[in-house]
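Participant: Contents are compact mmCIF, C-alpha atoms; file name upload04.txt:
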# COMPACT_ATOMS: atom_id res chain seq x y z
CA MET J 1 12.24 -8.13 52.22
CA GLN J 2 12.62 -7.59 55.95
CA THR J 3 10.21 -7.04 58.83
CA ILE J 4 10.43 -3.47 60.13
CA LYS J 5 11.21 -3.41 63.84
CA GLY J 6 8.91 -1.71 66.30
CA PRO J 7 6.98 -0.05 67.64
CA ALA J 8 9.53 2.33 69.18
CA LEU J 9 9.17 5.78 70.70
CA PHE J 10 11.38 8.88 70.52
CA LEU J 11 11.64 10.04 74.12
CA ALA J 12 12.57 13.70 73.48
CA GLN J 13 8.99 14.95 73.65
CA PHE J 14 8.31 13.11 76.91
CA ALA J 15 11.34 13.56 79.14
CA GLY J 16 10.54 15.91 82.02
CA ASP J 17 11.03 16.72 85.68
CA THR J 18 8.14 14.66 87.03
CA ALA J 19 7.71 10.90 87.27
CA PRO J 20 7.66 8.73 85.25
CA PHE J 21 9.46 10.94 82.76
CA ASN J 22 12.42 12.05 84.87
CA SER J 23 14.64 8.97 84.95
CA TRP J 24 15.85 6.28 82.58
CA ASP J 25 14.37 3.51 84.68
CA SER J 26 10.91 5.00 85.03
CA ILE J 27 10.52 6.33 81.48
CA THR J 28 11.46 2.97 79.95
CA LYS J 29 8.93 1.22 82.18
CA TRP J 30 6.31 3.74 81.06
CA ALA J 31 7.19 3.27 77.37
CA ALA J 32 6.89 -0.50 77.69
CA ASP J 33 3.55 -0.08 79.44
CA CYS J 34 2.37 1.99 76.45
CA GLY J 35 3.15 -0.96 74.19
CA TYR J 36 6.59 -0.03 72.85
CA VAL J 37 9.46 -2.46 72.44
CA GLY J 38 12.10 0.16 71.60
CA VAL J 39 13.07 3.72 72.53
CA GLN J 40 15.11 6.35 70.71
CA VAL J 41 17.13 8.41 73.18
CA PRO J 42 17.77 12.19 73.14
CA SER J 43 21.46 12.26 73.99
CA TRP J 44 21.34 15.84 75.33
CA ASP J 45 18.98 14.99 78.19
CA GLY J 46 21.02 14.26 81.31
CA ARG J 47 17.96 12.93 83.10
CA LEU J 48 18.06 9.92 80.79
CA ILE J 49 21.68 9.42 79.77
CA ASP J 50 25.18 10.58 80.68
CA LEU J 51 26.59 11.04 77.18
CA ALA J 52 30.19 11.57 78.23
CA LYS J 53 30.13 8.40 80.31
CA ALA J 54 28.44 6.46 77.50
CA ALA J 55 31.24 7.50 75.15
CA GLU J 56 33.92 6.45 77.63
CA SER J 57 32.55 3.32 79.25
CA LYS J 58 31.29 0.12 77.67
CA ASP J 59 30.30 -1.02 81.16
CA TYR J 60 28.05 2.03 81.55
CA CYS J 61 26.46 1.28 78.18
CA ASP J 62 25.88 -2.34 79.11
CA GLU J 63 24.20 -1.22 82.33
CA PHE J 64 22.16 1.37 80.43
CA LYS J 65 20.92 -1.26 77.98
CA GLY J 66 20.33 -3.67 80.82
CA VAL J 67 17.93 -1.31 82.60
CA ALA J 68 15.97 -0.87 79.39
CA ALA J 69 15.87 -4.60 78.69
CA ALA J 70 14.70 -5.37 82.21
CA ASN J 71 11.84 -2.95 81.65
CA GLY J 72 10.90 -4.51 78.32
CA VAL J 73 12.39 -2.17 75.72
CA GLU J 74 15.47 -1.99 73.49
CA VAL J 75 17.56 1.10 72.72
CA THR J 76 17.04 1.75 69.00
CA GLU J 77 19.24 4.80 68.36
CA LEU J 78 20.69 7.87 70.02
CA SER J 79 19.72 11.32 68.76
CA THR J 80 21.76 14.54 68.55
CA HIS J 81 19.14 16.73 66.92
CA LEU J 82 19.97 19.71 69.16
CA GLN J 83 23.74 19.31 68.99
CA GLY J 84 23.70 18.61 65.25
CA GLN J 85 21.78 21.83 64.74
CA LEU J 86 24.70 23.69 66.32
CA VAL J 87 27.29 22.29 63.93
CA ALA J 88 26.16 25.00 61.51
CA VAL J 89 24.24 28.08 62.69
CA HIS J 90 23.64 31.23 60.68
CA PRO J 91 24.35 34.33 62.81
CA ALA J 92 20.69 35.36 62.57
CA TYR J 93 19.88 32.37 64.81
CA ASP J 94 22.73 32.68 67.31
CA THR J 95 20.54 33.91 70.16
CA ALA J 96 17.70 31.49 69.46
CA PHE J 97 19.95 28.42 69.34
CA ASP J 98 22.24 29.34 72.22
CA GLY J 99 19.86 27.59 74.60
CA PHE J 100 20.70 24.24 72.98
CA ALA J 101 24.34 24.49 74.10
CA ALA J 102 26.17 24.07 77.39
CA GLU J 103 26.22 27.28 79.41
CA GLU J 104 29.98 27.70 79.15
CA VAL J 105 29.88 28.09 75.34
CA ARG J 106 26.81 30.29 74.99
CA GLY J 107 27.47 33.64 73.38
CA ASN J 108 30.57 32.24 71.67
CA PRO J 109 29.64 30.76 68.26
CA LYS J 110 33.05 29.22 67.59
CA ALA J 111 33.22 27.55 70.98
CA ARG J 112 29.61 26.44 70.63
CA GLN J 113 30.31 24.82 67.26
CA ALA J 114 33.36 23.00 68.60
CA TRP J 115 31.27 21.78 71.54
CA ALA J 116 28.55 20.58 69.15
CA VAL J 117 31.00 18.65 66.98
CA ASP J 118 32.44 16.99 70.08
CA GLN J 119 28.95 16.11 71.27
CA VAL J 120 27.99 14.42 68.00
CA LYS J 121 31.27 12.50 67.95
CA LYS J 122 30.69 11.39 71.55
CA ALA J 123 27.21 10.20 70.59
CA LEU J 124 28.63 8.19 67.70
CA THR J 125 31.19 6.58 70.01
CA ALA J 126 28.43 5.90 72.53
CA SER J 127 26.34 4.35 69.75
CA LYS J 128 29.22 1.99 68.99
CA ASN J 129 29.51 1.11 72.68
CA LEU J 130 25.78 0.39 72.75
CA GLY J 131 25.99 -1.85 69.69
CA LEU J 132 23.87 0.51 67.56
CA THR J 133 24.34 0.98 63.82
CA ALA J 134 22.40 4.19 63.10
CA HIS J 135 22.23 7.66 64.62
CA ALA J 136 19.66 10.47 64.29
CA THR J 137 20.58 14.13 63.90
CA PHE J 138 20.03 17.47 62.16
CA SER J 139 22.46 18.99 59.66
CA GLY J 140 22.26 22.57 60.89
CA ALA J 141 21.84 25.43 58.45
CA LEU J 142 23.84 28.28 56.95
CA ALA J 143 21.71 29.01 53.88
CA TRP J 144 18.23 28.66 55.39
CA PRO J 145 17.62 32.43 55.84
CA TYR J 146 17.90 32.69 52.05
CA VAL J 147 15.55 29.83 51.18
CA TYR J 148 12.96 32.19 49.63
CA PRO J 149 15.03 35.30 49.05
CA TRP J 150 14.26 38.91 48.48
CA PRO J 151 16.38 40.46 47.14
CA GLN J 152 17.68 37.62 45.02
CA ARG J 153 20.59 35.57 46.26
CA PRO J 154 24.01 36.59 44.96
CA ALA J 155 25.66 34.05 42.67
CA GLY J 156 27.55 31.37 44.58
CA LEU J 157 25.96 32.00 47.97
CA VAL J 158 24.25 28.61 48.25
CA GLU J 159 27.25 26.77 46.84
CA THR J 160 29.54 28.39 49.40
CA ALA J 161 27.13 27.49 52.21
CA PHE J 162 27.00 23.83 51.19
CA ASP J 163 30.76 23.66 50.70
CA GLU J 164 31.15 24.86 54.29
CA LEU J 165 28.43 22.58 55.64
CA ALA J 166 30.14 19.56 54.11
CA ARG J 167 33.53 20.72 55.39
CA ARG J 168 32.18 20.83 58.94
CA TRP J 169 30.50 17.44 58.75
CA LYS J 170 33.21 15.49 56.92
CA PRO J 171 35.32 14.80 60.06
CA ILE J 172 32.17 13.73 61.91
CA LEU J 173 31.21 11.39 59.07
CA ASP J 174 34.71 9.94 59.09
CA HIS J 175 34.35 9.32 62.83
CA ALA J 176 31.01 7.63 62.12
CA GLU J 177 32.81 5.35 59.67
CA ASP J 178 35.34 4.47 62.36
CA CYS J 179 32.46 3.65 64.71
CA GLY J 180 30.50 1.65 62.12
CA VAL J 181 27.46 3.90 62.57
CA ASP J 182 25.32 5.53 59.87
CA ILE J 183 24.31 9.15 60.40
CA GLY J 184 20.67 9.70 59.51
CA TYR J 185 20.04 13.37 58.79
CA GLU J 186 16.40 14.21 59.39
CA ILE J 187 15.30 15.97 56.23
CA HIS J 188 13.54 18.92 57.82
CA PRO J 189 12.60 22.55 57.13
CA GLY J 190 14.91 24.84 59.05
CA GLU J 191 17.87 22.63 58.07
CA ASP J 192 19.93 23.11 54.95
CA LEU J 193 19.07 19.46 54.25
CA HIS J 194 15.32 19.98 53.93
CA ASP J 195 14.46 18.00 50.77
CA GLY J 196 15.98 15.54 48.34
CA VAL J 197 17.74 18.14 46.20
CA THR J 198 19.52 19.72 49.17
CA TYR J 199 20.46 16.29 50.52
CA GLU J 200 22.04 15.46 47.17
CA MET J 201 23.93 18.76 47.13
CA PHE J 202 25.39 17.90 50.52
CA LEU J 203 26.05 14.27 49.68
CA GLU J 204 28.02 15.20 46.56
CA ARG J 205 30.22 17.54 48.59
CA THR J 206 31.01 14.79 51.10
CA GLY J 207 32.25 12.57 48.29
CA ASN J 208 29.07 10.49 48.52
CA HIS J 209 30.13 9.48 52.00
CA ALA J 210 28.79 6.04 52.88
CA ARG J 211 27.72 7.22 56.34
CA ALA J 212 25.78 10.30 55.15
CA CYS J 213 22.33 8.75 55.25
CA MET J 214 18.72 9.82 55.88
CA LEU J 215 16.11 9.83 58.59
CA TYR J 216 12.77 9.58 56.79
CA ASP J 217 9.85 11.49 58.31
CA PRO J 218 6.85 11.91 55.98
CA SER J 219 5.25 14.67 58.06
CA HIS J 220 7.88 17.17 56.91
CA TYR J 221 7.19 16.29 53.29
CA VAL J 222 3.43 16.74 53.61
CA LEU J 223 3.98 20.29 54.84
CA GLN J 224 6.26 20.97 51.85
CA CYS J 225 3.85 19.37 49.36
CA LEU J 226 6.62 16.90 48.45
CA ASP J 227 5.81 13.40 47.19
CA TYR J 228 6.78 11.34 50.24
CA LEU J 229 6.17 7.99 48.53
CA ASP J 230 8.31 8.75 45.48
CA HIS J 231 10.96 9.95 47.94
CA ILE J 232 11.23 6.40 49.32
CA ASP J 233 11.77 4.96 45.84
CA ILE J 234 14.48 7.53 45.09
CA TYR J 235 16.41 7.33 48.36
CA LYS J 236 15.69 3.76 49.51
CA ASP J 237 19.40 2.95 49.61
CA ARG J 238 20.12 5.87 51.96
CA ILE J 239 17.18 5.68 54.36
CA ARG J 240 18.42 4.26 57.67
CA LEU J 241 15.93 5.67 60.20
CA PHE J 242 12.18 6.21 60.18
CA HIS J 243 10.11 8.62 62.26
CA VAL J 244 6.45 7.70 62.17
CA LYS J 245 4.76 11.08 62.42
CA ASP J 246 1.51 12.31 60.92
CA ALA J 247 0.62 15.72 59.50
CA GLU J 248 -2.06 17.53 57.56
CA PHE J 249 -1.98 20.39 55.07
CA ASN J 250 -5.22 22.31 54.58
CA PRO J 251 -4.50 25.51 52.61
CA THR J 252 -7.14 28.23 52.50
CA GLY J 253 -7.62 31.53 50.71
CA ARG J 254 -5.80 33.15 53.64
CA GLN J 255 -2.70 30.97 54.15
CA GLY J 256 -0.65 28.16 52.68
CA VAL J 257 2.77 26.56 53.20
CA TYR J 258 4.27 29.44 55.19
CA GLY J 259 1.52 29.47 57.81
CA GLY J 260 1.08 33.22 58.25
CA TYR J 261 3.13 33.29 61.48
CA GLN J 262 0.27 31.51 63.23
CA SER J 263 0.45 29.10 66.16
CA TRP J 264 0.53 25.39 65.34
CA VAL J 265 -3.21 25.05 65.96
CA ASP J 266 -4.00 27.78 63.41
CA ARG J 267 -1.57 26.84 60.64
CA ALA J 268 -2.65 25.35 57.33
CA GLY J 269 0.04 22.74 57.85
CA ARG J 270 0.32 21.13 61.26
CA PHE J 271 1.56 17.93 62.87
CA ARG J 272 -1.00 15.45 64.16
CA SER J 273 -1.07 12.27 66.21
CA LEU J 274 -0.90 9.07 64.21
CA GLY J 275 -4.06 8.40 62.25
CA ASP J 276 -5.40 11.93 62.69
CA GLY J 277 -3.53 13.42 59.71
CA GLN J 278 -3.24 12.81 55.99
CA VAL J 279 -0.16 10.58 55.68
CA ASP J 280 -0.77 7.26 53.90
CA PHE J 281 1.12 5.01 56.29
CA SER J 282 -0.15 1.80 54.69
CA ALA J 283 1.64 2.81 51.49
CA ILE J 284 4.76 3.89 53.40
CA PHE J 285 5.10 0.65 55.35
CA SER J 286 4.49 -1.30 52.13
CA LYS J 287 7.18 0.56 50.23
CA LEU J 288 9.75 0.39 53.02
CA THR J 289 9.10 -3.32 53.48
CA ALA J 290 9.33 -4.02 49.75
CA HIS J 291 12.64 -2.13 49.59
CA GLY J 292 14.09 -4.15 52.48
CA PHE J 293 14.19 -1.48 55.20
CA ASP J 294 15.07 -3.36 58.38
CA GLY J 295 15.33 -0.46 60.83
CA TRP J 296 12.97 0.74 63.52
CA ALA J 297 9.58 2.40 63.13
CA VAL J 298 9.95 5.15 65.75
CA VAL J 299 6.94 7.20 66.78
CA GLU J 300 7.79 10.87 67.13
CA TRP J 301 4.77 12.33 68.84
CA GLU J 302 4.02 15.91 67.86
CA CYS J 303 0.43 17.07 67.71
CA ALA J 304 -1.21 20.46 67.88
CA ILE J 305 -4.35 19.06 69.50
CA LYS J 306 -4.08 15.69 71.28
CA HIS J 307 -2.53 15.07 74.71
CA PRO J 308 0.93 13.51 74.35
CA GLU J 309 0.29 10.50 76.58
CA ASP J 310 -2.82 9.62 74.59
CA GLY J 311 -0.89 10.07 71.37
CA ALA J 312 1.89 7.82 72.64
CA ARG J 313 -0.41 4.97 73.67
CA GLU J 314 -2.40 5.15 70.44
CA GLY J 315 0.83 5.40 68.43
CA ALA J 316 2.20 2.09 69.69
CA ALA J 317 -0.88 0.22 68.53
CA PHE J 318 -0.96 2.17 65.25
CA VAL J 319 2.59 1.16 64.34
CA ARG J 320 2.11 -2.42 65.46
CA ASP J 321 -0.91 -2.69 63.18
CA HIS J 322 1.03 -1.29 60.20
CA ILE J 323 4.17 -3.43 60.46
CA ILE J 324 4.13 -6.01 57.67
CA ARG J 325 5.47 -9.55 58.02
CA PRO J 326 6.82 -10.21 54.50
CA THR J 327 5.51 -13.21 52.66
CA GLU J 328 7.86 -16.10 51.98
CA VAL J 329 5.80 -17.44 49.08
CA ALA J 330 4.15 -16.01 46.00
CA PHE J 331 0.37 -15.87 46.21
CA ASP J 332 0.00 -17.83 42.97
CA ASP J 333 2.46 -20.60 43.82
CA PHE J 334 -0.44 -23.03 44.07
CA ALA J 335 -0.93 -22.71 40.31
CA GLY J 336 2.70 -23.38 39.38
CA SER J 337 3.05 -25.88 36.58
CA GLY J 338 6.48 -27.13 37.59
CA THR J 339 8.07 -26.50 34.21
CA ASP J 340 11.81 -26.68 33.56
CA GLU J 341 14.12 -24.96 31.06
CA ALA J 342 13.28 -27.41 28.30
CA ALA J 343 9.57 -26.81 28.81
CA ASN J 344 10.15 -23.04 28.87
CA ARG J 345 11.95 -23.19 25.52
CA LYS J 346 9.16 -25.30 24.08
CA MET J 347 6.51 -22.80 25.29
CA LEU J 348 8.44 -19.99 23.58
CA GLY J 349 8.90 -21.91 20.34
CA ILE J 350 12.67 -21.96 20.72
CA ASP J 351 14.41 -24.96 19.18
Before anything else, please render the file you have as structure tokens.
Facilitator:
Amino acid sequence: MQTIKGPALFLAQFAGDTAPFNSWDSITKWAADCGYVGVQVPSWDGRLIDLAKAAESKDYCDEFKGVAAANGVEVTELSTHLQGQLVAVHPAYDTAFDGFAAEEVRGNPKARQAWAVDQVKKALTASKNLGLTAHATFSGALAWPYVYPWPQRPAGLVETAFDELARRWKPILDHAEDCGVDIGYEIHPGEDLHDGVTYEMFLERTGNHARACMLYDPSHYVLQCLDYLDHIDIYKDRIRLFHVKDAEFNPTGRQGVYGGYQSWVDRAGRFRSLGDGQVDFSAIFSKLTAHGFDGWAVVEWECAIKHPEDGAREGAAFVRDHIIRPTEVAFDDFAGSGTDEAANRKMLGID
């Protein structure tokens, strides 16, 4: 068993144009002041990191880490959630997702995809330069518009979508192997990899690629009514990253999983600040610890009600209180009788 590292904070929801959220120096000082010892970095946010420079320059990465360390935090992982999304986009979402891309490739899906692939590869190279071993991202989606189809899906549609998804990601996964970095796909509605079954479909098509791993976030399983504890037991050998995020699901006679097109506040399923939802984090931390997870517990603050800065400060203490230092002895060692093999055979009646 290992001690989970943390608490850490995903900075994507906090980066902004006003201090202390508008520079790498000030946001890391703020995170440390909140009680965090690590930060996960959104690689698309130029206010925090120059991704191209991080991919090219080890000196830049050393300086980047040095600023964080001087302010009391460690860089846990880089994230390419937005760029990873653009590796595979169904045409129905072209307009909606164009805003994630650089201006020069907007309106051009092929150019946008090529840009996204390059971005994820740069982030993997930057991760290597930073001495990181895991990376957070989304898979993107080609089949998602057909997740609950009417009319029924034509035969082979989903298989073709997953064949193509794996084809697009295989070169990126190979680059991850060259960099010595695991890719943790956040299993998330809106992505083709949105539950265990779809992850397995993808994994099989990549040849069970060693770098095709998981980012575990129980909040997305609560809203799908998926057993998030059993999920850990099934995929323990593939879970490389952990987002600590709470959620609640309160179906009524008027709405359920799909939410009735309501705002986050009015949905049956909604994200909450840590401790305000329904996730059993004591059980999660116990399972991850027992299975030897040695990565970071990263707070991803998303809440329909609470102010983000309050959620961040409370989240650091919440995670710190849930991290388990594994025992080095068995609780009943005091009652050990000190028997040996001969005594064991005698106790069993074996000559």
Participant: Just checking: using only C-alpha atoms, which residue out of J:Thr18, J:Gln13, J:Gln2, J:Asn250 ends up closest to J:Glu302?
Facilitator: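 Of the candidates, the smallest distance to J:Glu302 is held by J:Gln13.
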Participant: Quick one: residues within 12 Å of J:Lys128, only C-alpha atoms, excluding same-chain residues fewer than 2 positions away - as JSON, numbers by chain?
Facilitator: {"J": [54, 55, 56, 57, 58, 61, 62, 77, 78, 121, 122, 123, 124, 125, 126, 130, 131, 132, 133, 134, 135, 175, 176, 177, 178, 179, 180, 181, 182]}
Participant: Point out the residue among J:Gly196, J:Gly140, J:Gly260, J:Pro154 with the least atom-to-atom distance to J:Asp230, counting all atoms listed in the file.
Facilitator: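 Smallest distance to J:Asp230 is found for J:Gly196.
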Participant: Hey, which of J:Leu288, J:Leu274, J:Leu223, J:Ala31 ends up closest to J:Phe249? Count only C-alpha atoms.
Facilitator: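 Among the listed residues, the smallest separation from J:Phe249 belongs to J:Leu223.
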Participant: Dig up all the protein and nucleic acid residues within 9 Å of (2.1, 30.7, 60.4) in the file frame, using only C-alpha atoms, and format them as a list in words.
Facilitator: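 Here the neighbourhood of the point contains Gln255, Gly256, Val257, Tyr258, Gly259, Gly260, Tyr261, Gln262, Ser263, Trp264, Asp266, Arg267, Ala268 and Gly269 of chain J.
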Participant: Taking only C-alpha atoms into account, name the residue in J:Phe138, J:Phe318, J:Tyr228, J:Tyr146 that is nearest to J:His188.
Facilitator: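 Selected residue with least distance to J:His188: J:Phe138.
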Participant: May I have the residues within 9 Å of stretch 159-161 of chain J as an NGL selection string, using only C-alpha atoms and disregarding those fewer than 3 positions away in the same chain?
Facilitator: :J and (141-143 or 155-156 or 164-166 or 192 or 201)
Participant: Just to be explicit: take each residue in the selection above, keep C-alpha atoms, and write the result as a PDB file, keeping the file's coordinate frame.
Facilitator:
ATOM      1  CA  ALA J 141      21.840  25.430  58.450  1.00  0.00           C
ATOM      2  CA  LEU J 142      23.840  28.280  56.950  1.00  0.00           C
ATOM      3  CA  ALA J 143      21.710  29.010  53.880  1.00  0.00           C
ATOM      4  CA  ALA J 155      25.660  34.050  42.670  1.00  0.00           C
ATOM      5  CA  GLY J 156      27.550  31.370  44.580  1.00  0.00           C
ATOM      6  CA  GLU J 164      31.150  24.860  54.290  1.00  0.00           C
ATOM      7  CA  LEU J 165      28.430  22.580  55.640  1.00  0.00           C
ATOM      8  CA  ALA J 166      30.140  19.560  54.110  1.00  0.00           C
ATOM      9  CA  ASP J 192      19.930  23.110  54.950  1.00  0.00           C
ATOM     10  CA  MET J 201      23.930  18.760  47.130  1.00  0.00           C
TER      11      MET J 201
END
Participant: Nearest to J:Gly311: which of J:Val147, J:Cys34, J:Val329, J:Ala136 is it, counting only C-alpha atoms?
Facilitator: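 That would be J:Cys34, the residue with the smallest distance to J:Gly311.
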Participant: I need the residue nearest J:Val67 from this list: J:Glu104, J:Asp25, J:Asp98, J:Asp246. Use all atoms listed in the file for the distance.
Facilitator: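 Ranked by minimum distance to J:Val67, first place goes to J:Asp25.
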Participant: To one decimal in Å, tell me the separation between atom CA of J:Leu193 and atom CA of J:Ser139.
Facilitator: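 We find that atom CA of J:Leu193 and atom CA of J:Ser139 lie 6.4 Å from each other.
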Participant: Quick one: 3 Å padding each side, axis-aligned, all listed atoms of stretch 69-85 of chain J - centre and edge lengths in Å to one decimal, as AutoDock Vina command-line options?
Facilitator:
--center_x 17.3 --center_y 8.2 --center_z 73.5 --size_x 18.8 --size_y 33.2 --size_z 23.5
Participant: For stretch 8-17 of chain J, supply all heavy atoms and format the output as a PDB file, in the frame of the given file.
Facilitator:
ATOM      1  N   ALA J   8       8.601   1.633  68.295  1.00  0.00           N
ATOM      2  CA  ALA J   8       9.530   2.330  69.180  1.00  0.00           C
ATOM      3  C   ALA J   8       9.057   3.765  69.353  1.00  0.00           C
ATOM      4  O   ALA J   8       8.248   4.271  68.575  1.00  0.00           O
ATOM      5  CB  ALA J   8      10.948   2.284  68.627  1.00  0.00           C
ATOM      6  N   LEU J   9       9.597   4.425  70.371  1.00  0.00           N
ATOM      7  CA  LEU J   9       9.170   5.780  70.700  1.00  0.00           C
ATOM      8  C   LEU J   9      10.384   6.682  70.891  1.00  0.00           C
ATOM      9  O   LEU J   9      11.322   6.321  71.613  1.00  0.00           O
ATOM     10  CB  LEU J   9       8.337   5.780  71.982  1.00  0.00           C
ATOM     11  CG  LEU J   9       7.804   7.141  72.471  1.00  0.00           C
ATOM     12  CD1 LEU J   9       6.755   7.692  71.497  1.00  0.00           C
ATOM     13  CD2 LEU J   9       7.208   7.016  73.872  1.00  0.00           C
ATOM     14  N   PHE J  10      10.373   7.860  70.266  1.00  0.00           N
ATOM     15  CA  PHE J  10      11.380   8.880  70.520  1.00  0.00           C
ATOM     16  C   PHE J  10      11.007   9.574  71.826  1.00  0.00           C
ATOM     17  O   PHE J  10       9.911  10.113  71.970  1.00  0.00           O
ATOM     18  CB  PHE J  10      11.398   9.870  69.354  1.00  0.00           C
ATOM     19  CG  PHE J  10      12.519  10.878  69.395  1.00  0.00           C
ATOM     20  CD1 PHE J  10      13.704  10.628  70.065  1.00  0.00           C
ATOM     21  CD2 PHE J  10      12.380  12.088  68.729  1.00  0.00           C
ATOM     22  CE1 PHE J  10      14.743  11.553  70.080  1.00  0.00           C
ATOM     23  CE2 PHE J  10      13.404  13.027  68.738  1.00  0.00           C
ATOM     24  CZ  PHE J  10      14.587  12.763  69.407  1.00  0.00           C
ATOM     25  N   LEU J  11      11.945   9.578  72.774  1.00  0.00           N
ATOM     26  CA  LEU J  11      11.640  10.040  74.120  1.00  0.00           C
ATOM     27  C   LEU J  11      11.785  11.554  74.314  1.00  0.00           C
ATOM     28  O   LEU J  11      11.450  12.065  75.388  1.00  0.00           O
ATOM     29  CB  LEU J  11      12.531   9.320  75.136  1.00  0.00           C
ATOM     30  CG  LEU J  11      12.350   7.804  75.218  1.00  0.00           C
ATOM     31  CD1 LEU J  11      13.348   7.216  76.214  1.00  0.00           C
ATOM     32  CD2 LEU J  11      10.917   7.432  75.604  1.00  0.00           C
ATOM     33  N   ALA J  12      12.269  12.269  73.301  1.00  0.00           N
ATOM     34  CA  ALA J  12      12.570  13.700  73.480  1.00  0.00           C
ATOM     35  C   ALA J  12      11.346  14.497  73.916  1.00  0.00           C
ATOM     36  O   ALA J  12      11.450  15.405  74.751  1.00  0.00           O
ATOM     37  CB  ALA J  12      13.139  14.279  72.193  1.00  0.00           C
ATOM     38  N   GLN J  13      10.196  14.180  73.345  1.00  0.00           N
ATOM     39  CA  GLN J  13       8.990  14.950  73.650  1.00  0.00           C
ATOM     40  C   GLN J  13       8.362  14.577  74.988  1.00  0.00           C
ATOM     41  O   GLN J  13       7.385  15.212  75.407  1.00  0.00           O
ATOM     42  CB  GLN J  13       7.949  14.771  72.539  1.00  0.00           C
ATOM     43  CG  GLN J  13       8.235  15.552  71.273  1.00  0.00           C
ATOM     44  CD  GLN J  13       9.241  14.867  70.377  1.00  0.00           C
ATOM     45  OE1 GLN J  13       9.631  13.732  70.615  1.00  0.00           O
ATOM     46  NE2 GLN J  13       9.672  15.559  69.326  1.00  0.00           N
ATOM     47  N   PHE J  14       8.928  13.578  75.670  1.00  0.00           N
ATOM     48  CA  PHE J  14       8.310  13.110  76.910  1.00  0.00           C
ATOM     49  C   PHE J  14       9.165  13.297  78.143  1.00  0.00           C
ATOM     50  O   PHE J  14       8.641  13.370  79.256  1.00  0.00           O
ATOM     51  CB  PHE J  14       7.928  11.629  76.754  1.00  0.00           C
ATOM     52  CG  PHE J  14       6.906  11.396  75.686  1.00  0.00           C
ATOM     53  CD1 PHE J  14       7.298  11.086  74.395  1.00  0.00           C
ATOM     54  CD2 PHE J  14       5.560  11.547  75.946  1.00  0.00           C
ATOM     55  CE1 PHE J  14       6.362  10.902  73.382  1.00  0.00           C
ATOM     56  CE2 PHE J  14       4.610  11.371  74.950  1.00  0.00           C
ATOM     57  CZ  PHE J  14       5.006  11.047  73.671  1.00  0.00           C
ATOM     58  N   ALA J  15      10.464  13.380  77.983  1.00  0.00           N
ATOM     59  CA  ALA J  15      11.340  13.560  79.140  1.00  0.00           C
ATOM     60  C   ALA J  15      10.979  14.838  79.885  1.00  0.00           C
ATOM     61  O   ALA J  15      10.721  15.877  79.288  1.00  0.00           O
ATOM     62  CB  ALA J  15      12.801  13.613  78.676  1.00  0.00           C
ATOM     63  N   GLY J  16      10.928  14.763  81.210  1.00  0.00           N
ATOM     64  CA  GLY J  16      10.540  15.910  82.020  1.00  0.00           C
ATOM     65  C   GLY J  16      11.017  15.772  83.447  1.00  0.00           C
ATOM     66  O   GLY J  16      11.751  14.839  83.792  1.00  0.00           O
ATOM     67  N   ASP J  17      10.553  16.676  84.293  1.00  0.00           N
ATOM     68  CA  ASP J  17      11.030  16.720  85.680  1.00  0.00           C
ATOM     69  C   ASP J  17      10.123  15.992  86.657  1.00  0.00           C
ATOM     70  O   ASP J  17      10.390  15.968  87.850  1.00  0.00           O
ATOM     71  CB  ASP J  17      11.183  18.181  86.126  1.00  0.00           C
ATOM     72  CG  ASP J  17      12.316  18.887  85.404  1.00  0.00           C
ATOM     73  OD1 ASP J  17      13.314  18.210  85.082  1.00  0.00           O
ATOM     74  OD2 ASP J  17      12.205  20.095  85.150  1.00  0.00           O
TER      75      ASP J  17
END
